[in-house]
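Colleague: Got a structure here, written out as structure tokens. Questions coming.
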Amino acid sequence: MKYMLMRKADADTENGVLPTEDIFQAMADYNDRMTQAGVFIDGNGLRPTREGCRILFRNGEPTVVHGPFEQAGEQLAGYSVLEVNSLEEAIAWAKQWPPEDANGNVTLELRRYFTLEDFEPSPALEQHRSLGQLPREMNVHVAFSGNCREAMEFYAAVTGGNMEAVITFGETPAAEDVPPEMHDRVIHASLNLRGRRLMGADMSGDCYQPPQGAQIHLEYEDTDQAERVFHAFSDGGAIIMPFEKTFWAHRFGMTKDRFGVQWMISSQIEHCQ
């Protein structure tokens, strides 16, 4: 069963008072205990209602009403999502809320989520089921022959993406099971590009195979930027298709970089309907 544990607002949260370091640490420890127990799914604090708004519909017409809103105790300051077996278990976790928060003067509320099993069969229900089959993310993973770190740092520099992680074999329990020469090789690297991730890892010996039959596609609004990226990836590699105007894009090109990874770079592409 999935429950939302809601922390009601008070004067401090509505005034935007941030938690002290002690409270912040206590909440981190609380969330960690729930995570270790396998019941914590997600959680966030919310900014004051003065920074939010309500959208009221009357006869189908929307009206936007900006905060702040009165009755702080009826507003929401934050929430956690728990996966538990019963309301009693959810209550047991709620009772462990850190007493450091507001000196122990906090109002919490538990509400159980509806599930699709609560509804009668219908076409709408099947549509919701199909939406539920969608993965949370779709990312790309690339294998390297030992130069994963160099490649990922190069991709980060060219694209401006955020390098989230570069972890070596030697930094994991897998170090005991791989040869010493693999300890400085990368077991996991992640480059975040607007919420999409390019991930990579080094393969050893015969486990490595050059990427074939797949390309990573990057779309840019600005043609000059797209061309810059195309030429950066082409440097030391091999151009497969020049960066030129096509009938489906203002500019489009294909290239293989010096690490053997193939890219498609486009600007103002016309998407098929």
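Chain labels A, B, ... are given in the sequence in which chains occur in the structure tokens; within each chain residues are numbered consecutively from 1, and ligands are likewise numbered from 1 in the order shown.
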Give me the residues within 7 Å of segment 214-231 of chain A as number ranges by chain, counting only C-alpha atoms and dropping any in the same chain fewer than 4 places off.
Modeller: A: 158, 235, 262-268
Colleague: Generate the output file for the selected residues, C-alpha atoms, as a JSON list (two decimals), in the first residue's frame.
Modeller:
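Final output, saved to result.json:
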[["chain", "number", "residue", "atom", "x", "y", "z"],
["A", 158, "VAL", "CA", 31.28, 19.37, -25.63],
["A", 235, "ASP", "CA", 37.68, 15.65, -34.69],
["A", 262, "GLN", "CA", 28.40, 7.18, -33.49],
["A", 263, "TRP", "CA", 26.37, 10.38, -33.24],
["A", 264, "MET", "CA", 23.53, 12.00, -35.15],
["A", 265, "ILE", "CA", 23.47, 15.79, -34.73],
["A", 266, "SER", "CA", 20.54, 17.81, -36.02],
["A", 267, "SER", "CA", 19.09, 21.30, -35.87],
["A", 268, "GLN", "CA", 15.40, 22.13, -36.27]]
Colleague: Among segment 62-250 of chain A, which residues does DSSP mark as helix (DSSP H, G or I) when it is run on the backbone? Keep the chain and numbering as in the structure and answer as a PyMOL selection string.
Modeller: chain A and resi 72-74+87-94+101-104+116-118+123-132+148-159+169-171+173-177+180-182+205-207+223-234
Colleague: Which value, in Å to one decimal, gives the distance between atom CA of Glu100 of chain A and atom CA of Asn44 of chain A?
Modeller: 17.6 Å
Colleague: To one decimal place, how far is atom CA of Ala102 of chain A from atom CA of Tyr79 of chain A in Å?
Modeller: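 Calculated distance between atom CA of Ala102 of chain A and atom CA of Tyr79 of chain A is 15.6 Å.
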Colleague: Determine, counting only C-alpha atoms, which protein, DNA and RNA residues have an atom within 9 Å of an atom of Ala94 of chain A; residues of the same chain fewer than 5 positions away are not included. Present the result as a ChimeraX atom specification.
Modeller: /A:5,89,108-110
Colleague: Hey, what's within 12 Å of segment 15-21 of chain A if we count only C-alpha atoms and toss same-chain stuff fewer than 6 positions away? As a list in words, please?
Modeller: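 Within the cut-off, the hits are Ala9, Met27, Ala28, Gly45, Leu46, Arg47, Pro48, Thr49, Arg50, Glu51, Pro68, Phe69, Ala72, Ala77, Glu100, Asp101, Ala102 and Asn103 of chain A.
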Colleague: Using only C-alpha atoms, find the one residue out of A:Val142, A:Leu131, A:Met4, A:Ile55 that sits nearest to Glu83 of chain A.
Modeller: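 Answer, going by the shortest atom-to-atom distance: A:Met4.
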Colleague: Can you pull out the residues contacting Phe259 of chain A? Cut-off 8 Å, using only C-alpha atoms, and skip same-chain residues under 4 positions away; I want them as a JSON list (two decimals) with C-alpha atoms, in the first residue's frame.
Modeller:
[["chain", "number", "residue", "atom", "x", "y", "z"],
["A", 144, "PHE", "CA", 34.48, 1.47, -23.73],
["A", 147, "ASN", "CA", 39.01, 5.11, -22.00],
["A", 151, "ALA", "CA", 35.35, 9.90, -23.32],
["A", 237, "GLY", "CA", 36.91, 10.42, -35.77]]
Colleague: Which is closer to Arg197 of chain A than all the others in A:Asp177, A:Gly170, A:Gly213, A:Ala156, using only C-alpha atoms?
Modeller: A:Ala156
Colleague: Taking 4 positions as the minimum chain separation for residues in the same chain, which residues sit within 10 Å of Thr246 of chain A when counting only C-alpha atoms? Answer as a list in words.
Modeller: His250, Arg251, Phe252, Gly253, Ser266, Ile269 and Glu270 of chain A
Colleague: Between A:Gln209, A:Gln133, A:Asn192, A:Thr159, which one has atoms that come closest to Ser145 of chain A, using only C-alpha atoms?
Modeller: A:Gln209
